[in-house]
Amino acid sequence: MKNIIKIICFIFALSFILSSAAGAYYSYKTYTYDIDGYYMESPDAYVPSEIATSETMGLSTPLEDPAELFVDDENNIYIADSGNNRIVVLNKRFKLRYYIESFVNTQGVDDSFNNPQGVFVTEDDIYVCDTDNNRIVVFDRDGKYKRIIEKPIADEIAADDLYRPKSVAVDKSGRLYVVSMSTYQGIIAMDSDGTFQGFIGAQKTTLSAWEIFWRKFQTQEQQDQQIQHVAVEYENITIDDYGMIYVTTLNIDDGSVLSAIQGKSKTGEYAPVKKLNTQGDEIMKRNGFYPPSGEVRVQYSATSQSNIYGPSKLVDVALGPQGTWSIIDKTRSKIYTYDSDGVLLFIFGDQGTQLGNMETVKSIAYMGEDILVLDNTADNITVFKRTEYGNILMSAITNQLNMKYDDAAEDWRKVLMRNNNFDEAYVGIGKSYYREGDYVSAMEMYKSAYETDNYSTAFKQYRKNWVADHALVVPIVVIVIVLAVYFFFRYVGKRNKEVATRPGGKRTYWEEVIFGFHLIFHPFDGFWDLKHEKRGSIRGALTWLGIAIISFTYNGIGTAYLFNPYGGYINVFGQAISIIVPLGLWVISNWCLTTLFEGEGSLKDIFIATCYSLVPIFLCVIPATILTNILSKSEAKVYSVIIAIMWVWVGMLVFFGAQVTHDYSLMKNFITSLASIVGMAFIMFIALLFTSLVQKIVGFVASVVTEISYRF
């Protein structure tokens, strides 16, 4: 019995240890975001494997406030250990190779660093940003001193301008790109000998309307000081094999970043991470649902253990294999990885002290397949290993870049088997179908990923093939539609003419309805007949109001995918409210004002005239909606022009209808119409105020009744 109890206790203890280890291993959730900005959990692409500490590195003095991490082509690791004023060099097993602490400079004097913040390594040299000594010091790959690059001299840089290099990147020709603290003009570009070439990639500044106005009265010196106050310097920099520069910015105005995220901006304005060419032009692709900016739902942290608000604060960027790249958010201690098109691949990491969590991320670097993240609060390096899912994902990206599309499609299918929420996999499979000529299947895949550009391309090919297969049907259908429209309007014109010449008598319901087609083309005569000859009626007006509601409802459900990729629409009730409310406000407001300013139209006259003005909605919305199923994305302007014409047409009919109904001059009608719009806003304000008051009264009565019931 005692042995059984011991065995049970052992099993429970072992289960507890394993669950604790598993909890430590999976100390965060990997996720992405869908097109609506909702959190979508994903398989782990990277998992933590180890933490390299000062002790395991074999350092005589522990790391103190390390600032930057760099991995060279031999997987040696360089740490800018700013708190100890040294560069720590490790081998690929995270064991100490050597320090760079002191050196004999060009003048033969013993020298040392003062708060080194950055390090960059080329095939031959090690570049160290000796920040508080205002210089860059160059060593060979064995740590032997070579030279010093002092503050660049140029007219653009004043003698008293503060120069504190904090990060540097060097291209294959030896050209330097330096990020300096308190330098707002952009990145400092220099030749290999330190000769100043110019500033590139200056950040766009944000000025308030008052500041813009006040600048007109300022001197040039005052304007420069103002720009320096509001401008934003870069935080970190790196460079790829093609000389393209990646930079992060930490202090961009939060409101500007939020606007870019929420607006799904494709530009680099106010972007916290950018890709620049050698001229400083922003060239980053932003083809994902949201621009690369770190966290998407910035109101809170999706998976963090603590509530964190506001956009990500990006402190570093690292370049991975096959065009992938990662950024780190110091407020959330998360890593965000994107492909070469700016599509989000996965997010992982979190704040904490468990394996895989970090306190304050400071720098990130790739070491082959692994990702290294420097924590400058815990003074250690966390190593993340790529998982099977991550390997399949990278294989798909590699095959796609190498134009092995069939292999890529197979990899993407494996990805979907593990993560059916990964939209890029649908795009990859869609491209495979497209190359095979299966455009319908390709469109279905693109549709699953909300990929409208590729969908449009496939749709064009599908449309081309369909037209070729139905070469005789298409012109016949077009001719039939044209003839049908022609004969219908001919019939309507003839019938309206007969009614106009017919002496007296009642109008039939059909005659009252089709009179709308005469009115929209002859507004002055039409509105006159509508009021004085009684060519229209309340029932005819309500009919056209109902047709307008039905037209917009059909527009919501009948618009093709390319013009409504999210599938959003308003039901009949919602459409009715969206039309009846503004129409009612206009009728009431216009009637209230015109009764005071000698208007001849009654409330009934205004309502009928306004409803008959809605006829163009039917004539434009229905054909435009049908056209969306024929047009490609590049032809979307046709749809936009039709809808714009419709609103202009309706607006003019409402305006001239009011003029004829009240027998106003053009100017008087214009003033009255503007006043009516103001009146609509006033009525809405009164209605909201009244609703709020009623709610408070109801709440008060309810609380009194509740209190009385408790007392009895």
# chains A, B, ... in the order shown; residues from 1 in each chain; ligands from 1

call {"tool": "residues_around", "arguments": {"residues": "Tyr163 in chain A", "least_positions_apart": "2", "cutoff": "8 Å", "atoms": "only C-alpha atoms", "output": "JSON, numbers by chain"}}
result
{"A": [134, 151, 161, 165, 180, 181, 182, 183]}

call {"tool": "write_last_selection", "arguments": {"atoms": "C-alpha atoms", "output": "mmCIF file, in the first residue's frame"}}
result
data_model
loop_
_atom_site.group_PDB
_atom_site.id
_atom_site.type_symbol
_atom_site.label_atom_id
_atom_site.label_comp_id
_atom_site.auth_asym_id
_atom_site.auth_seq_id
_atom_site.Cartn_x
_atom_site.Cartn_y
_atom_site.Cartn_z
ATOM 1 C CA ASN A 134 31.404 61.822 -30.324
ATOM 2 C CA LYS A 151 32.470 64.280 -36.371
ATOM 3 C CA ASP A 161 25.587 70.862 -33.226
ATOM 4 C CA PRO A 165 26.521 58.512 -32.949
ATOM 5 C CA SER A 180 23.127 60.368 -34.173
ATOM 6 C CA MET A 181 21.284 61.361 -31.019
ATOM 7 C CA SER A 182 19.679 64.819 -31.265
ATOM 8 C CA THR A 183 20.235 64.958 -35.030
#

call {"tool": "closest_atom_pairs", "arguments": {"of": "range 443-514 of chain A", "to": "range 530-533 of chain A", "cutoff": "12 Å", "atoms": "only C-alpha atoms", "output": "CSV"}}
result
residue,atom,partner,partner_atom,distance
A:Val499,CA,A:Glu533,CA,10.6
A:Ala500,CA,A:Glu533,CA,8.8
A:Thr501,CA,A:Glu533,CA,11.3
A:Arg502,CA,A:Glu533,CA,11.3
A:Pro503,CA,A:Glu533,CA,10.7
A:Gly504,CA,A:Glu533,CA,9.0
A:Gly505,CA,A:Glu533,CA,10.7
A:Lys506,CA,A:Glu533,CA,10.6
A:Arg507,CA,A:Glu533,CA,10.3
A:Glu512,CA,A:Leu530,CA,9.3
A:Val513,CA,A:Leu530,CA,11.4

call {"tool": "residues_around", "arguments": {"residues": "range 195-204 of chain A", "least_positions_apart": "6", "cutoff": "6 Å", "atoms": "only C-alpha atoms", "output": "list in words"}}
result
Pro152, Gln185, Gly186, Ile187, Ile188, Ala189 and Gly280 of chain A

call {"tool": "write_last_selection", "arguments": {"atoms": "N, CA and C atoms", "output": "short mmCIF file (atom, residue, chain, number, x, y, z; two decimals), in the first residue's frame"}}
result
data_model
loop_
_atom_site.label_atom_id
_atom_site.label_comp_id
_atom_site.auth_asym_id
_atom_site.auth_seq_id
_atom_site.Cartn_x
_atom_site.Cartn_y
_atom_site.Cartn_z
N PRO A 152 31.74 64.61 -38.69
CA PRO A 152 31.90 65.12 -40.06
C PRO A 152 31.85 66.64 -40.09
N GLN A 185 17.99 66.15 -38.79
CA GLN A 185 17.96 66.34 -40.24
C GLN A 185 17.89 65.03 -41.02
N GLY A 186 18.09 63.89 -40.34
CA GLY A 186 18.04 62.61 -41.01
C GLY A 186 19.27 61.78 -40.71
N ILE A 187 19.53 60.81 -41.57
CA ILE A 187 20.69 59.94 -41.42
C ILE A 187 21.92 60.64 -42.01
N ILE A 188 23.04 60.55 -41.31
CA ILE A 188 24.28 61.15 -41.79
C ILE A 188 24.99 60.15 -42.70
N ALA A 189 25.19 60.52 -43.95
CA ALA A 189 25.88 59.66 -44.92
C ALA A 189 27.31 60.16 -45.09
N GLY A 280 17.72 58.09 -49.85
CA GLY A 280 16.84 58.43 -48.75
C GLY A 280 15.37 58.32 -49.07
#

call {"tool": "residues_around", "arguments": {"residues": "range 424-426 of chain A", "least_positions_apart": "6", "cutoff": "10 Å", "atoms": "only C-alpha atoms", "output": "NGL selection string"}}
result
:A and (288 or 339 or 343-345 or 393 or 396-397 or 408-416 or 432 or 442 or 444-451)

call {"tool": "write_last_selection", "arguments": {"atoms": "N, CA and C atoms", "output": "PDB file, in the first residue's frame"}}
result
ATOM      1  N   GLY A 288       0.539  44.231 -46.660  1.00  0.00           N
ATOM      2  CA  GLY A 288      -0.269  43.503 -45.695  1.00  0.00           C
ATOM      3  C   GLY A 288      -1.561  44.233 -45.391  1.00  0.00           C
ATOM      4  N   ASP A 339       7.426  39.658 -44.193  1.00  0.00           N
ATOM      5  CA  ASP A 339       8.149  39.229 -45.390  1.00  0.00           C
ATOM      6  C   ASP A 339       8.545  40.446 -46.218  1.00  0.00           C
ATOM      7  N   VAL A 343       4.125  41.889 -45.396  1.00  0.00           N
ATOM      8  CA  VAL A 343       3.013  41.090 -44.877  1.00  0.00           C
ATOM      9  C   VAL A 343       3.426  40.490 -43.537  1.00  0.00           C
ATOM     10  N   LEU A 344       2.584  40.645 -42.537  1.00  0.00           N
ATOM     11  CA  LEU A 344       2.874  40.116 -41.203  1.00  0.00           C
ATOM     12  C   LEU A 344       2.857  38.594 -41.225  1.00  0.00           C
ATOM     13  N   LEU A 345       3.951  37.983 -40.755  1.00  0.00           N
ATOM     14  CA  LEU A 345       4.052  36.528 -40.717  1.00  0.00           C
ATOM     15  C   LEU A 345       3.667  35.970 -39.353  1.00  0.00           C
ATOM     16  N   LEU A 393       7.074  27.356 -43.245  1.00  0.00           N
ATOM     17  CA  LEU A 393       6.737  28.713 -43.681  1.00  0.00           C
ATOM     18  C   LEU A 393       7.895  29.340 -44.450  1.00  0.00           C
ATOM     19  N   ALA A 396       8.282  27.771 -47.883  1.00  0.00           N
ATOM     20  CA  ALA A 396       7.302  28.296 -48.842  1.00  0.00           C
ATOM     21  C   ALA A 396       7.757  29.645 -49.389  1.00  0.00           C
ATOM     22  N   ILE A 397       8.235  30.513 -48.514  1.00  0.00           N
ATOM     23  CA  ILE A 397       8.707  31.828 -48.947  1.00  0.00           C
ATOM     24  C   ILE A 397       9.915  31.686 -49.868  1.00  0.00           C
ATOM     25  N   ALA A 408       6.240  25.690 -53.770  1.00  0.00           N
ATOM     26  CA  ALA A 408       5.734  26.690 -52.827  1.00  0.00           C
ATOM     27  C   ALA A 408       4.282  26.406 -52.475  1.00  0.00           C
ATOM     28  N   ALA A 409       3.477  26.038 -53.487  1.00  0.00           N
ATOM     29  CA  ALA A 409       2.063  25.748 -53.234  1.00  0.00           C
ATOM     30  C   ALA A 409       1.917  24.565 -52.288  1.00  0.00           C
ATOM     31  N   GLU A 410       2.764  23.558 -52.466  1.00  0.00           N
ATOM     32  CA  GLU A 410       2.708  22.401 -51.571  1.00  0.00           C
ATOM     33  C   GLU A 410       3.064  22.801 -50.140  1.00  0.00           C
ATOM     34  N   ASP A 411       4.071  23.666 -50.016  1.00  0.00           N
ATOM     35  CA  ASP A 411       4.442  24.156 -48.680  1.00  0.00           C
ATOM     36  C   ASP A 411       3.311  24.968 -48.061  1.00  0.00           C
ATOM     37  N   TRP A 412       2.662  25.806 -48.877  1.00  0.00           N
ATOM     38  CA  TRP A 412       1.572  26.620 -48.342  1.00  0.00           C
ATOM     39  C   TRP A 412       0.418  25.734 -47.869  1.00  0.00           C
ATOM     40  N   ARG A 413       0.188  24.621 -48.561  1.00  0.00           N
ATOM     41  CA  ARG A 413      -0.871  23.706 -48.112  1.00  0.00           C
ATOM     42  C   ARG A 413      -0.505  23.084 -46.766  1.00  0.00           C
ATOM     43  N   LYS A 414       0.768  22.802 -46.584  1.00  0.00           N
ATOM     44  CA  LYS A 414       1.212  22.275 -45.283  1.00  0.00           C
ATOM     45  C   LYS A 414       1.032  23.327 -44.190  1.00  0.00           C
ATOM     46  N   VAL A 415       1.284  24.579 -44.560  1.00  0.00           N
ATOM     47  CA  VAL A 415       1.076  25.658 -43.595  1.00  0.00           C
ATOM     48  C   VAL A 415      -0.392  25.728 -43.189  1.00  0.00           C
ATOM     49  N   LEU A 416      -1.297  25.638 -44.178  1.00  0.00           N
ATOM     50  CA  LEU A 416      -2.728  25.726 -43.886  1.00  0.00           C
ATOM     51  C   LEU A 416      -3.208  24.550 -43.046  1.00  0.00           C
ATOM     52  N   SER A 432      -0.312  29.684 -57.578  1.00  0.00           N
ATOM     53  CA  SER A 432      -0.079  28.405 -58.259  1.00  0.00           C
ATOM     54  C   SER A 432      -1.239  28.084 -59.198  1.00  0.00           C
ATOM     55  N   ALA A 442      -8.081  30.189 -58.414  1.00  0.00           N
ATOM     56  CA  ALA A 442      -7.164  31.241 -57.949  1.00  0.00           C
ATOM     57  C   ALA A 442      -7.943  32.367 -57.276  1.00  0.00           C
ATOM     58  N   GLU A 444     -10.813  32.158 -55.820  1.00  0.00           N
ATOM     59  CA  GLU A 444     -11.331  31.687 -54.541  1.00  0.00           C
ATOM     60  C   GLU A 444     -10.266  31.770 -53.454  1.00  0.00           C
ATOM     61  N   MET A 445      -9.025  31.406 -53.812  1.00  0.00           N
ATOM     62  CA  MET A 445      -7.935  31.488 -52.843  1.00  0.00           C
ATOM     63  C   MET A 445      -7.647  32.940 -52.459  1.00  0.00           C
ATOM     64  N   TYR A 446      -7.587  33.808 -53.461  1.00  0.00           N
ATOM     65  CA  TYR A 446      -7.333  35.226 -53.180  1.00  0.00           C
ATOM     66  C   TYR A 446      -8.465  35.819 -52.338  1.00  0.00           C
ATOM     67  N   LYS A 447      -9.670  35.373 -52.626  1.00  0.00           N
ATOM     68  CA  LYS A 447     -10.825  35.870 -51.875  1.00  0.00           C
ATOM     69  C   LYS A 447     -10.733  35.463 -50.415  1.00  0.00           C
ATOM     70  N   SER A 448     -10.219  34.281 -50.154  1.00  0.00           N
ATOM     71  CA  SER A 448     -10.067  33.810 -48.776  1.00  0.00           C
ATOM     72  C   SER A 448      -9.080  34.669 -47.996  1.00  0.00           C
ATOM     73  N   ALA A 449      -8.141  35.302 -48.724  1.00  0.00           N
ATOM     74  CA  ALA A 449      -7.130  36.135 -48.075  1.00  0.00           C
ATOM     75  C   ALA A 449      -7.399  37.623 -48.246  1.00  0.00           C
ATOM     76  N   TYR A 450      -8.551  37.979 -48.805  1.00  0.00           N
ATOM     77  CA  TYR A 450      -8.888  39.379 -49.067  1.00  0.00           C
ATOM     78  C   TYR A 450      -7.811  40.060 -49.927  1.00  0.00           C
ATOM     79  N   GLU A 451      -7.236  39.316 -50.857  1.00  0.00           N
ATOM     80  CA  GLU A 451      -6.168  39.828 -51.717  1.00  0.00           C
ATOM     81  C   GLU A 451      -6.795  40.337 -53.012  1.00  0.00           C
TER      82      GLU A 451
END

call {"tool": "residues_around", "arguments": {"residues": "range 348-363 of chain A", "least_positions_apart": "2", "cutoff": "8 Å", "atoms": "only C-alpha atoms", "output": "PyMOL selection string"}}
result
chain A and resi 24-31+44+46-48+50-51+67-69+303-305+315-317+328-336+346+365+373-378+382+384

call {"tool": "write_last_selection", "arguments": {"atoms": "C-alpha atoms", "output": "tab-separated table (two decimals), in the first residue's frame"}}
result
chain	number	residue	atom	x	y	z
A	24	ALA	CA	7.83	27.88	-19.01
A	25	TYR	CA	8.53	26.72	-22.54
A	26	TYR	CA	5.33	28.13	-23.96
A	27	SER	CA	5.46	31.37	-21.99
A	28	TYR	CA	3.79	33.36	-24.78
A	29	LYS	CA	1.33	32.94	-27.62
A	30	THR	CA	2.23	33.34	-31.27
A	31	TYR	CA	-0.41	35.20	-33.27
A	44	ASP	CA	4.71	28.82	-32.78
A	46	TYR	CA	9.93	30.32	-32.92
A	47	VAL	CA	10.34	28.93	-29.41
A	48	PRO	CA	12.91	29.92	-26.77
A	50	GLU	CA	18.21	29.11	-24.00
A	51	ILE	CA	19.28	32.29	-22.26
A	67	ALA	CA	22.87	48.65	-25.94
A	68	GLU	CA	23.22	46.70	-29.21
A	69	LEU	CA	23.73	43.24	-30.60
A	303	THR	CA	-1.67	38.60	-25.11
A	304	SER	CA	0.43	40.51	-22.63
A	305	GLN	CA	0.29	39.77	-18.92
A	315	VAL	CA	13.85	50.13	-30.96
A	316	ASP	CA	15.55	47.87	-33.50
A	317	VAL	CA	15.16	45.99	-36.77
A	328	ILE	CA	11.01	44.64	-31.55
A	329	ASP	CA	8.65	46.63	-29.36
A	330	LYS	CA	10.25	47.74	-26.11
A	331	THR	CA	6.92	48.44	-24.38
A	332	ARG	CA	5.55	44.93	-24.94
A	333	SER	CA	8.81	42.96	-25.38
A	334	LYS	CA	7.40	41.43	-28.56
A	335	ILE	CA	8.95	40.46	-31.90
A	336	TYR	CA	7.05	41.19	-35.14
A	346	PHE	CA	3.86	36.12	-36.94
A	365	ALA	CA	19.75	39.99	-34.61
A	373	VAL	CA	17.13	39.24	-28.54
A	374	LEU	CA	19.13	41.41	-26.13
A	375	ASP	CA	17.46	42.32	-22.82
A	376	ASN	CA	19.21	45.33	-21.32
A	377	THR	CA	17.37	45.11	-18.01
A	378	ALA	CA	18.09	41.41	-17.38
A	382	THR	CA	17.41	35.04	-25.31
A	384	PHE	CA	14.81	31.56	-30.20

call {"tool": "closest_residue", "arguments": {"among": "A:Asn421, A:Gly516, A:Leu562, A:Lys431", "to": "Asp407 in chain A", "atoms": "only C-alpha atoms"}}
result
A:Lys431

call {"tool": "residues_around", "arguments": {"residues": "Gly255 in chain A", "least_positions_apart": "2", "cutoff": "12 Å", "atoms": "only C-alpha atoms", "output": "MDAnalysis selection string"}}
result
chainID A and resid 206 251:253 257:263 270:271 298 310:311

call {"tool": "write_last_selection", "arguments": {"atoms": "C-alpha atoms", "output": "short mmCIF file (atom, residue, chain, number, x, y, z; two decimals), in the first residue's frame"}}
result
data_model
loop_
_atom_site.label_atom_id
_atom_site.label_comp_id
_atom_site.auth_asym_id
_atom_site.auth_seq_id
_atom_site.Cartn_x
_atom_site.Cartn_y
_atom_site.Cartn_z
CA THR A 206 4.15 67.43 -37.41
CA ASN A 251 9.35 58.96 -30.79
CA ILE A 252 6.90 59.60 -33.62
CA ASP A 253 3.69 61.22 -32.41
CA VAL A 257 1.09 56.34 -35.94
CA LEU A 258 -2.44 55.40 -34.87
CA SER A 259 -3.91 57.20 -37.87
CA ALA A 260 -1.58 55.32 -40.21
CA ILE A 261 -2.51 51.96 -38.66
CA GLN A 262 -6.25 52.58 -38.59
CA GLY A 263 -6.18 54.03 -42.11
CA TYR A 270 4.96 58.77 -39.79
CA ALA A 271 5.97 55.11 -40.10
CA VAL A 298 -2.99 49.28 -29.79
CA GLY A 310 -0.54 52.99 -27.33
CA PRO A 311 1.39 52.09 -30.48
#

call {"tool": "select_by_dssp", "arguments": {"residues": "range 444-667 of chain A", "states": "alpha helix (DSSP H)", "output": "NGL selection string"}}
result
:A and (444-448 or 452-469 or 473-501 or 509-521 or 523-532 or 538-558 or 572-596 or 603-612 or 615-627 or 636-662 or 666-667)

call {"tool": "closest_residue", "arguments": {"among": "A:Ile149, A:Ile557, A:Ala658, A:Ile570", "to": "Ile626 in chain A", "atoms": "only C-alpha atoms"}}
result
A:Ile557

call {"tool": "residues_around", "arguments": {"residues": "Lys275 in chain A", "least_positions_apart": "3", "cutoff": "7 Å", "atoms": "only C-alpha atoms", "output": "list in words"}}
result
Met244, Ile245, Tyr246, Val247, Glu282, Ile283 and Met284 of chain A

call {"tool": "write_last_selection", "arguments": {"atoms": "N, CA and C atoms", "output": "mmCIF file, in the first residue's frame"}}
result
data_model
loop_
_atom_site.group_PDB
_atom_site.id
_atom_site.type_symbol
_atom_site.label_atom_id
_atom_site.label_comp_id
_atom_site.auth_asym_id
_atom_site.auth_seq_id
_atom_site.Cartn_x
_atom_site.Cartn_y
_atom_site.Cartn_z
ATOM 1 N N MET A 244 20.160 48.609 -49.238
ATOM 2 C CA MET A 244 18.920 49.226 -48.778
ATOM 3 C C MET A 244 18.955 49.362 -47.254
ATOM 4 N N ILE A 245 18.506 50.500 -46.763
ATOM 5 C CA ILE A 245 18.654 50.849 -45.353
ATOM 6 C C ILE A 245 17.322 50.671 -44.628
ATOM 7 N N TYR A 246 17.366 50.016 -43.487
ATOM 8 C CA TYR A 246 16.203 49.876 -42.617
ATOM 9 C C TYR A 246 16.447 50.687 -41.353
ATOM 10 N N VAL A 247 15.463 51.499 -40.986
ATOM 11 C CA VAL A 247 15.618 52.341 -39.798
ATOM 12 C C VAL A 247 14.344 52.275 -38.951
ATOM 13 N N GLU A 282 11.792 56.540 -49.466
ATOM 14 C CA GLU A 282 11.111 55.448 -48.781
ATOM 15 C C GLU A 282 10.601 54.444 -49.807
ATOM 16 N N ILE A 283 11.020 53.174 -49.701
ATOM 17 C CA ILE A 283 10.679 52.176 -50.715
ATOM 18 C C ILE A 283 10.072 50.911 -50.110
ATOM 19 N N MET A 284 9.731 50.957 -48.847
ATOM 20 C CA MET A 284 9.197 49.750 -48.212
ATOM 21 C C MET A 284 7.840 49.375 -48.814
#

call {"tool": "closest_residue", "arguments": {"among": "A:Asn75, A:Thr595, A:Gln107, A:Thr398", "to": "Gly428 in chain A", "atoms": "only C-alpha atoms"}}
result
A:Thr398

call {"tool": "select_by_dssp", "arguments": {"residues": "range 198-407 of chain A", "states": "strand (DSSP E)", "output": "ChimeraX atom specification"}}
result
/A:198-200,236-239,245-248,273-276,314-319,325-329,334-338,344-348,350-351,357-358,361-367,370-375,380-386

call {"tool": "closest_residue", "arguments": {"among": "A:Gln695, A:Gln117, A:Ser312, A:Thr106", "to": "Val296 in chain A", "atoms": "only C-alpha atoms"}}
result
A:Ser312

call {"tool": "atom_distance", "arguments": {"atom1": "CA of Ala458 in chain A", "atom2": "CA of Val638 in chain A"}}
result
19.6 Å
